[in-house]
$ cat input-v8.txt   # compact mmCIF, C-alpha atoms and all ligand atoms
# COMPACT_ATOMS: atom_id res chain seq x y z
CA MET A 1 -17.39 21.62 -13.72
CA SER A 2 -14.65 19.15 -14.77
CA SER A 3 -15.71 15.55 -15.40
CA PHE A 4 -13.44 14.53 -12.47
CA ALA A 5 -15.24 16.91 -10.06
CA TYR A 6 -18.59 15.72 -11.47
CA ALA A 7 -17.64 12.05 -10.99
CA LEU A 8 -16.75 12.80 -7.35
CA GLN A 9 -20.32 13.98 -6.76
CA THR A 10 -22.30 11.10 -8.24
CA THR A 11 -22.67 7.69 -6.58
CA ILE A 12 -21.75 5.79 -9.74
CA GLY A 13 -18.82 8.15 -10.43
CA ARG A 14 -17.51 7.66 -6.89
CA LYS A 15 -17.78 3.89 -7.20
CA ILE A 16 -15.85 3.90 -10.47
CA LEU A 17 -13.19 6.24 -9.03
CA THR A 18 -12.71 4.16 -5.86
CA GLY A 19 -12.43 1.01 -7.98
CA LEU A 20 -9.96 2.55 -10.46
CA THR A 21 -7.80 4.28 -7.82
CA GLY A 22 -7.83 1.08 -5.72
CA ILE A 23 -6.64 -1.02 -8.67
CA PHE A 24 -3.85 1.46 -9.55
CA LEU A 25 -2.74 1.58 -5.89
CA THR A 26 -2.65 -2.23 -5.84
CA LEU A 27 -0.50 -2.17 -9.01
CA PHE A 28 1.82 0.31 -7.25
CA LEU A 29 2.07 -2.11 -4.29
CA ILE A 30 2.96 -5.00 -6.64
CA ALA A 31 5.70 -2.86 -8.27
CA HIS A 32 6.96 -1.57 -4.88
CA LEU A 33 7.14 -5.09 -3.44
CA SER A 34 8.95 -6.41 -6.54
CA GLY A 35 11.64 -3.73 -6.10
CA ASN A 36 11.84 -4.24 -2.33
CA LEU A 37 12.35 -7.99 -2.70
CA SER A 38 15.80 -7.24 -4.17
CA LEU A 39 16.78 -6.59 -0.53
CA LEU A 40 16.78 -10.38 -0.15
CA ILE A 41 19.65 -10.76 -2.68
CA PRO A 42 22.73 -11.52 -0.54
CA ASP A 43 24.84 -8.60 -1.84
CA GLY A 44 24.68 -6.26 1.18
CA GLY A 45 21.89 -4.20 -0.44
CA GLU A 46 23.70 -3.28 -3.68
CA ALA A 47 20.94 -4.42 -6.08
CA PHE A 48 18.32 -2.55 -4.05
CA ASN A 49 20.44 0.64 -3.86
CA ARG A 50 21.16 0.56 -7.59
CA TYR A 51 17.44 0.03 -8.32
CA ALA A 52 16.52 3.03 -6.09
CA GLU A 53 19.23 5.14 -7.75
CA PHE A 54 17.88 4.17 -11.18
CA LEU A 55 14.43 5.42 -10.10
CA HIS A 56 15.91 8.69 -8.72
CA ASP A 57 17.79 9.20 -12.01
CA LEU A 58 14.43 9.28 -13.82
CA GLY A 59 14.14 12.85 -12.41
CA PRO A 60 10.99 14.61 -13.71
CA LEU A 61 9.42 11.28 -14.75
CA LEU A 62 9.65 10.10 -11.13
CA TRP A 63 8.12 13.37 -9.86
CA ILE A 64 5.19 12.94 -12.25
CA ALA A 65 4.72 9.34 -11.03
CA GLU A 66 4.87 10.57 -7.40
CA ILE A 67 2.31 13.33 -8.01
CA ILE A 68 -0.02 10.77 -9.65
CA LEU A 69 0.52 8.47 -6.65
CA VAL A 70 -0.38 11.22 -4.16
CA ILE A 71 -3.52 12.07 -6.19
CA LEU A 72 -4.47 8.36 -6.25
CA PHE A 73 -4.01 7.98 -2.47
CA LEU A 74 -5.92 11.20 -1.64
CA THR A 75 -8.79 10.54 -4.07
CA HIS A 76 -9.14 6.97 -2.83
CA ALA A 77 -9.13 8.07 0.83
CA TYR A 78 -11.51 11.01 0.23
CA ILE A 79 -14.09 8.87 -1.59
CA GLY A 80 -13.72 6.01 0.91
CA ILE A 81 -14.48 8.35 3.82
CA SER A 82 -17.37 10.07 2.04
CA ILE A 83 -18.99 6.73 1.02
CA TYR A 84 -18.75 5.64 4.68
CA LEU A 85 -20.29 8.91 5.94
CA ASN A 86 -23.13 8.71 3.37
CA LYS A 87 -23.91 5.11 4.39
CA LYS A 88 -23.89 6.13 8.04
CA LYS A 89 -26.29 9.00 7.32
CA ALA A 90 -28.60 6.66 5.39
CA ARG A 91 -28.50 3.95 8.08
CA PRO A 92 -27.12 5.15 11.41
CA VAL A 93 -26.49 1.66 12.86
CA ASN A 94 -22.97 0.90 14.04
CA TYR A 95 -21.20 -1.50 11.66
CA SER A 96 -20.18 -3.74 14.54
CA TYR A 97 -23.84 -4.68 15.08
CA TYR A 98 -24.17 -6.13 11.58
CA LYS A 99 -24.32 -9.89 11.24
CA SER A 100 -22.39 -11.55 8.39
CA GLN A 101 -24.64 -11.55 5.32
CA GLY A 102 -22.83 -14.54 3.75
CA GLY A 103 -23.66 -15.30 0.11
CA PRO A 104 -22.91 -12.75 -2.59
CA SER A 105 -22.96 -9.65 -0.32
CA LYS A 106 -19.56 -10.74 1.12
CA GLN A 107 -20.10 -8.70 4.27
CA ASN A 108 -17.44 -9.73 6.77
CA PHE A 109 -14.78 -8.34 9.09
CA ALA A 110 -12.64 -7.11 6.15
CA SER A 111 -15.53 -5.24 4.49
CA ARG A 112 -16.74 -3.63 7.74
CA SER A 113 -13.28 -2.48 8.76
CA MET A 114 -12.37 -0.74 5.45
CA LEU A 115 -12.53 2.77 6.96
CA ILE A 116 -10.39 1.96 9.99
CA SER A 117 -7.87 -0.20 8.07
CA GLY A 118 -7.69 2.45 5.30
CA SER A 119 -7.11 5.28 7.81
CA ILE A 120 -4.29 3.39 9.56
CA ILE A 121 -2.69 2.54 6.18
CA LEU A 122 -2.85 6.22 5.13
CA LEU A 123 -1.19 7.28 8.39
CA PHE A 124 1.41 4.54 7.88
CA VAL A 125 2.20 5.74 4.33
CA ILE A 126 2.79 9.32 5.56
CA LEU A 127 5.16 8.16 8.34
CA HIS A 128 6.79 5.58 6.04
CA VAL A 129 7.61 8.16 3.34
CA MET A 130 8.93 10.61 5.98
CA HIS A 131 11.11 7.79 7.32
CA PHE A 132 12.44 5.98 4.24
CA LYS A 133 12.23 8.65 1.55
CA TYR A 134 13.12 11.78 3.53
CA HIS A 135 15.07 10.03 6.36
CA LEU A 136 13.38 12.28 8.94
CA PHE A 137 13.65 9.71 11.74
CA SER A 138 17.23 8.64 10.97
CA PRO A 139 20.19 10.13 12.81
CA GLU A 140 21.99 10.59 9.46
CA THR A 141 21.62 9.90 5.76
CA TYR A 142 23.77 6.81 5.10
CA MET A 143 25.78 6.93 1.87
CA THR A 144 27.60 4.27 -0.14
CA SER A 145 29.37 4.05 -3.49
CA TYR A 146 29.62 1.41 -6.23
CA ASP A 147 32.18 1.69 -9.07
CA GLY A 148 32.94 5.24 -7.89
CA GLN A 149 29.28 6.31 -8.07
CA GLU A 150 28.09 7.75 -4.76
CA MET A 151 24.48 7.17 -3.73
CA VAL A 152 22.20 7.02 -0.69
CA ASP A 153 22.51 3.65 1.12
CA LEU A 154 18.74 3.09 1.28
CA ALA A 155 19.28 -0.59 2.07
CA LYS A 156 21.14 0.45 5.24
CA HIS A 157 18.22 2.74 6.23
CA VAL A 158 15.83 -0.21 5.85
CA GLU A 159 18.23 -2.56 7.68
CA VAL A 160 18.71 -0.20 10.65
CA ALA A 161 14.93 0.30 10.90
CA PHE A 162 14.15 -3.42 10.82
CA LEU A 163 16.65 -4.25 13.52
CA ASN A 164 14.38 -2.30 15.89
CA PRO A 165 11.74 -4.72 17.30
CA TRP A 166 9.16 -1.92 17.77
CA ILE A 167 9.39 -0.91 14.12
CA VAL A 168 9.20 -4.57 13.05
CA ALA A 169 6.08 -5.06 15.24
CA ALA A 170 4.43 -1.89 13.85
CA TYR A 171 5.23 -2.88 10.23
CA SER A 172 3.98 -6.43 10.78
CA PHE A 173 0.69 -5.09 12.16
CA VAL A 174 0.20 -2.70 9.22
CA MET A 175 1.19 -5.32 6.61
CA ILE A 176 -1.50 -7.68 8.00
CA LEU A 177 -3.96 -4.78 7.89
CA ILE A 178 -3.04 -4.15 4.24
CA GLY A 179 -3.89 -7.81 3.57
CA VAL A 180 -7.27 -7.38 5.30
CA HIS A 181 -7.97 -4.14 3.37
CA LEU A 182 -7.04 -5.71 0.02
CA LYS A 183 -9.01 -8.89 0.71
CA HIS A 184 -12.23 -6.93 0.44
CA GLY A 185 -10.85 -4.02 -1.63
CA VAL A 186 -9.66 -5.86 -4.75
CA TRP A 187 -12.91 -7.80 -5.15
CA SER A 188 -15.01 -4.75 -4.39
CA ALA A 189 -13.07 -2.66 -6.94
CA PHE A 190 -14.00 -5.08 -9.73
CA ILE A 191 -17.66 -5.06 -8.63
CA SER A 192 -17.64 -1.22 -8.58
CA LEU A 193 -16.30 -1.31 -12.13
CA GLY A 194 -19.29 -3.38 -13.21
CA ALA A 195 -18.13 -7.03 -12.93
CA LYS A 196 -21.42 -8.38 -11.59
CA ASN A 197 -21.79 -11.62 -13.56
CA PRO A 198 -22.53 -14.33 -10.92
CA LYS A 199 -20.17 -16.70 -12.77
CA ILE A 200 -17.27 -14.25 -12.49
CA THR A 201 -17.72 -12.77 -8.98
CA PRO A 202 -16.60 -15.92 -7.07
CA VAL A 203 -13.45 -16.01 -9.25
CA LEU A 204 -12.78 -12.32 -8.54
CA TYR A 205 -13.33 -12.92 -4.82
CA THR A 206 -10.71 -15.69 -4.88
CA VAL A 207 -8.31 -13.54 -6.96
CA GLY A 208 -8.74 -10.68 -4.42
CA GLY A 209 -7.95 -13.07 -1.55
CA VAL A 210 -4.84 -14.45 -3.28
CA VAL A 211 -3.52 -10.95 -4.20
CA ALA A 212 -4.12 -9.80 -0.59
CA ILE A 213 -2.30 -12.79 0.93
CA LEU A 214 0.66 -12.60 -1.50
CA LEU A 215 1.17 -8.86 -1.00
CA ALA A 216 0.80 -8.96 2.78
CA ALA A 217 3.12 -12.00 3.04
CA GLY A 218 5.69 -10.44 0.68
CA PHE A 219 5.81 -7.15 2.61
CA LEU A 220 5.85 -9.02 5.96
CA LEU A 221 8.81 -11.11 4.85
CA LEU A 222 11.20 -8.14 4.68
CA PRO A 223 11.04 -6.81 8.29
CA LEU A 224 10.83 -10.36 9.70
CA TYR A 225 13.75 -11.65 7.62
CA ILE A 226 16.04 -8.70 8.43
CA TYR A 227 15.18 -8.83 12.14
CA ILE A 228 15.57 -12.62 12.51
CA ASN A 229 18.70 -12.69 10.31
CA GLY A 230 20.27 -9.85 12.37
CA GLY A 231 20.59 -7.68 9.22
CA LEU A 232 20.87 -8.00 5.43
CA SER A 233 22.95 -10.85 3.99
C1 LIG A 301 8.50 -3.98 4.24
C2 LIG A 301 7.81 -3.12 3.61
C3 LIG A 301 8.35 -1.89 2.90
C4 LIG A 301 9.64 -1.46 2.68
C5 LIG A 301 10.94 -2.11 3.09
C6 LIG A 301 9.55 -0.23 1.95
C7 LIG A 301 10.63 0.54 1.56
C8 LIG A 301 10.55 1.80 0.99
C9 LIG A 301 11.68 2.64 0.69
C10 LIG A 301 13.15 2.30 0.98
C11 LIG A 301 11.21 3.78 0.14
C12 LIG A 301 12.04 5.01 -0.36
C13 LIG A 301 12.28 4.83 -1.84
C14 LIG A 301 13.14 5.93 -2.42
O1 LIG A 301 13.46 6.92 -1.77
O2 LIG A 301 13.48 5.79 -3.61
C15 LIG A 301 9.78 3.66 0.07
C16 LIG A 301 8.94 4.61 -0.47
C17 LIG A 301 7.57 4.49 -0.48
N1 LIG A 301 6.82 3.47 0.01
FE1 LIG A 301 7.51 1.77 0.85
N2 LIG A 301 8.24 0.06 1.72
C18 LIG A 301 7.46 -0.92 2.30
C19 LIG A 301 6.09 -1.01 2.31
C20 LIG A 301 5.25 -0.06 1.78
C21 LIG A 301 3.81 -0.16 1.78
C22 LIG A 301 3.02 -1.34 2.34
C23 LIG A 301 3.34 0.97 1.17
C24 LIG A 301 1.92 1.40 0.90
C25 LIG A 301 0.88 0.98 1.55
C26 LIG A 301 4.48 1.77 0.80
C27 LIG A 301 4.40 3.00 0.17
C28 LIG A 301 5.49 3.75 -0.19
C29 LIG A 301 5.38 5.04 -0.88
C30 LIG A 301 4.09 5.73 -1.32
C31 LIG A 301 6.69 5.49 -1.07
C32 LIG A 301 7.14 6.79 -1.76
C33 LIG A 301 7.46 6.45 -3.20
C34 LIG A 301 8.08 7.64 -3.94
O3 LIG A 301 7.79 8.78 -3.59
O4 LIG A 301 8.85 7.40 -4.88
N3 LIG A 301 5.61 1.12 1.17
N4 LIG A 301 9.41 2.44 0.59
$ encode --input "input-v8.txt" --output "structure tokens"
Amino acid sequence: MSSFAYALQTTIGRKILTGLTGIFLTLFLIAHLSGNLSLLIPDGGEAFNRYAEFLHDLGPLLWIAEIILVILFLTHAYIGISIYLNKKKARPVNYSYYKSQGGPSKQNFASRSMLISGSIILLFVILHVMHFKYHLFSPETYMTSYDGQEMVDLAKHVEVAFLNPWIVAAYSFVMILIGVHLKHGVWSAFISLGAKNPKITPVLYTVGGVVAILLAAGFLLLPLYIYINGGLS
């Protein structure tokens, strides 16, 4: 049995894998948001399109990164669901009946809703990639060219989507949910990786909260800005 398959079957292995995959997914979100924020540069989307084209030009390197990303998402989701099912088997009391534990257990709305927030985020990612990467919900693939180089006008795809109030509402809801998921997730990932020193855990809890708020606010900014502004600048 491979060490990966073995880790999936032990409690400690699962904890370490959820923590590690969660941290790598958070790093992906930070990188994704940094690239997306170039949409706010008032150049009609050129910087964003050039950045996306640069990534596409990486070819096989990008495919490898995408395969790793899919493995990270699926492993994280699989372990998250199985940890929930194991807990439920061990103590079949509905989470909504739990009272806040306060203190170091950090049981709260965010921690109890990890399964539901995670499932909605996973569904969102599937639809989001179908929409923005494969343009499955767009009437056409918009193209543009800079200095004679033709490329997909991804910025236009994002702009058209975020002029639709239903899409803006759905994105806003999911971005808030991502904040809720990360609020508990980042802290919990560090604990799963062994950071249990009582002097460090309050710091990690605060760091988790700050990362969650910054990422959720950053992602929320894009649909709201484009919608309120009536398009890209
Ligand atoms: C306002 C928020 C967001 C915008 C405007 C946005 C925009 C985009 C765009 C334009 C692409 C296609 C990139 C390309 O084809 O090169 C993309 C891909 C992707 N996005 Fe987002 N995104 C947002 C939020 C998110 C969030 C919150 C997640 C995860 C929870 C996410 C996960 C992904 C993934 C996994 C891909 C596929 C990456 C790849 O295969 O290279 N996105 N996004």
$ closest_atom_pairs --input "input-v8.txt" --of "chain A" --to "ligand LIG 301 (chain A)" --cutoff "6 Å" --atoms "all atoms listed in the file" --output "CSV"
residue,atom,partner,partner_atom,distance
A:Asn36,CA,A:LIG301,C5,5.9
A:Ala52,CA,A:LIG301,O2,4.8
A:Glu66,CA,A:LIG301,O3,5.1
A:Val125,CA,A:LIG301,C27,5.4
A:Val129,CA,A:LIG301,C31,5.2
A:Phe132,CA,A:LIG301,C12,4.7
A:Lys133,CA,A:LIG301,O1,3.9
A:Leu154,CA,A:LIG301,C10,5.7
A:Val158,CA,A:LIG301,C5,5.9
A:Phe219,CA,A:LIG301,C1,4.5
A:Leu220,CA,A:LIG301,C1,5.9
A:Leu222,CA,A:LIG301,C1,5.0
A:Pro223,CA,A:LIG301,C1,5.6
$ write_last_selection --input "input-v8.txt" --atoms "C-alpha atoms" --output "PDB file, keeping the file's coordinate frame"
ATOM      1  CA  ASN A  36      11.840  -4.240  -2.330  1.00  0.00           C
ATOM      2  CA  ALA A  52      16.520   3.030  -6.090  1.00  0.00           C
ATOM      3  CA  GLU A  66       4.870  10.570  -7.400  1.00  0.00           C
ATOM      4  CA  VAL A 125       2.200   5.740   4.330  1.00  0.00           C
ATOM      5  CA  VAL A 129       7.610   8.160   3.340  1.00  0.00           C
ATOM      6  CA  PHE A 132      12.440   5.980   4.240  1.00  0.00           C
ATOM      7  CA  LYS A 133      12.230   8.650   1.550  1.00  0.00           C
ATOM      8  CA  LEU A 154      18.740   3.090   1.280  1.00  0.00           C
ATOM      9  CA  VAL A 158      15.830  -0.210   5.850  1.00  0.00           C
ATOM     10  CA  PHE A 219       5.810  -7.150   2.610  1.00  0.00           C
ATOM     11  CA  LEU A 220       5.850  -9.020   5.960  1.00  0.00           C
ATOM     12  CA  LEU A 222      11.200  -8.140   4.680  1.00  0.00           C
ATOM     13  CA  PRO A 223      11.040  -6.810   8.290  1.00  0.00           C
TER      14      PRO A 223
END
$ atom_distance --input "input-v8.txt" --atom1 "atom CA of A:Ile67" --atom2 "atom CA of A:Phe48"
22.9 Å
$ closest_residue --input "input-v8.txt" --among "A:Ile23, A:Leu33, A:Ile71, A:Ile226" --to "A:Phe162" --atoms "all atoms listed in the file"
A:Ile226
$ residues_around --input "input-v8.txt" --residues "A:Ala195" --least-positions-apart "5" --cutoff "12 Å" --atoms "all atoms listed in the file" --output "list of chain:residue names"
A:Ile16, A:Gly19, A:Val186, A:Trp187, A:Ser188, A:Ala189, A:Phe190, A:Ile200, A:Thr201, A:Pro202, A:Val203, A:Leu204, A:Tyr205
$ atom_distance --input "input-v8.txt" --atom1 "atom CA of A:Ile178" --atom2 "atom CA of A:Leu85"
21.7 Å
$ decode --input "input-v8.txt" --residues "stretch 136-163 of chain A" --atoms "N, CA and C atoms" --output "CSV table (one decimal), in the first residue's frame"
chain,number,residue,atom,x,y,z
A,136,LEU,N,-18.4,27.5,-21.0
A,136,LEU,CA,-19.6,26.6,-21.3
A,136,LEU,C,-20.9,27.4,-21.2
A,137,PHE,N,-20.9,28.5,-20.4
A,137,PHE,CA,-22.2,29.2,-20.2
A,137,PHE,C,-22.2,30.5,-21.0
A,138,SER,N,-21.2,30.7,-21.8
A,138,SER,CA,-21.1,32.0,-22.6
A,138,SER,C,-21.6,31.7,-24.0
A,139,PRO,N,-22.3,32.7,-24.6
A,139,PRO,CA,-22.8,32.5,-26.0
A,139,PRO,C,-21.6,32.4,-27.0
A,140,GLU,N,-20.5,32.9,-26.7
A,140,GLU,CA,-19.3,32.8,-27.6
A,140,GLU,C,-18.0,33.0,-26.8
A,141,THR,N,-16.9,32.6,-27.4
A,141,THR,CA,-15.6,32.9,-26.7
A,141,THR,C,-15.1,34.2,-27.3
A,142,TYR,N,-15.1,35.2,-26.4
A,142,TYR,CA,-14.6,36.5,-26.8
A,142,TYR,C,-13.1,36.5,-27.0
A,143,MET,N,-12.7,37.2,-28.1
A,143,MET,CA,-11.2,37.3,-28.4
A,143,MET,C,-10.8,38.7,-28.5
A,144,THR,N,-9.5,38.9,-28.3
A,144,THR,CA,-9.0,40.3,-28.4
A,144,THR,C,-7.5,40.2,-28.9
A,145,SER,N,-6.9,41.3,-29.2
A,145,SER,CA,-5.5,41.2,-29.6
A,145,SER,C,-4.7,42.4,-29.1
A,146,TYR,N,-3.5,42.2,-28.7
A,146,TYR,CA,-2.6,43.2,-28.3
A,146,TYR,C,-1.3,43.1,-29.0
A,147,ASP,N,-0.8,44.2,-29.6
A,147,ASP,CA,0.4,44.2,-30.4
A,147,ASP,C,0.4,43.0,-31.4
A,148,GLY,N,-0.8,42.8,-32.0
A,148,GLY,CA,-0.9,41.7,-33.1
A,148,GLY,C,-1.0,40.3,-32.5
A,149,GLN,N,-0.9,40.2,-31.2
A,149,GLN,CA,-1.0,38.8,-30.6
A,149,GLN,C,-2.5,38.6,-30.2
A,150,GLU,N,-3.1,37.6,-30.8
A,150,GLU,CA,-4.5,37.3,-30.5
A,150,GLU,C,-4.6,36.4,-29.3
A,151,MET,N,-5.6,36.7,-28.5
A,151,MET,CA,-5.8,35.9,-27.3
A,151,MET,C,-7.3,35.9,-26.8
A,152,VAL,N,-7.6,35.0,-25.9
A,152,VAL,CA,-9.0,35.0,-25.4
A,152,VAL,C,-9.2,36.2,-24.5
A,153,ASP,N,-10.3,36.9,-24.7
A,153,ASP,CA,-10.6,38.1,-23.9
A,153,ASP,C,-11.3,37.7,-22.6
A,154,LEU,N,-10.5,37.1,-21.7
A,154,LEU,CA,-11.0,36.5,-20.4
A,154,LEU,C,-11.7,37.7,-19.6
A,155,ALA,N,-11.0,38.8,-19.6
A,155,ALA,CA,-11.6,40.0,-18.9
A,155,ALA,C,-13.0,40.3,-19.3
A,156,LYS,N,-13.3,40.1,-20.6
A,156,LYS,CA,-14.6,40.4,-21.1
A,156,LYS,C,-15.6,39.3,-20.6
A,157,HIS,N,-15.1,38.1,-20.5
A,157,HIS,CA,-16.0,37.0,-20.0
A,157,HIS,C,-16.4,37.3,-18.5
A,158,VAL,N,-15.4,37.8,-17.8
A,158,VAL,CA,-15.6,38.1,-16.3
A,158,VAL,C,-16.6,39.3,-16.3
A,159,GLU,N,-16.3,40.3,-17.1
A,159,GLU,CA,-17.1,41.5,-17.1
A,159,GLU,C,-18.6,41.2,-17.5
A,160,VAL,N,-18.8,40.4,-18.5
A,160,VAL,CA,-20.2,40.1,-18.9
A,160,VAL,C,-20.9,39.3,-17.8
A,161,ALA,N,-20.2,38.4,-17.2
A,161,ALA,CA,-20.8,37.6,-16.1
A,161,ALA,C,-21.2,38.5,-14.9
A,162,PHE,N,-20.3,39.5,-14.6
A,162,PHE,CA,-20.5,40.3,-13.4
A,162,PHE,C,-21.4,41.5,-13.7
A,163,LEU,N,-22.0,41.6,-14.9
A,163,LEU,CA,-23.0,42.6,-15.1
A,163,LEU,C,-24.4,42.0,-14.9
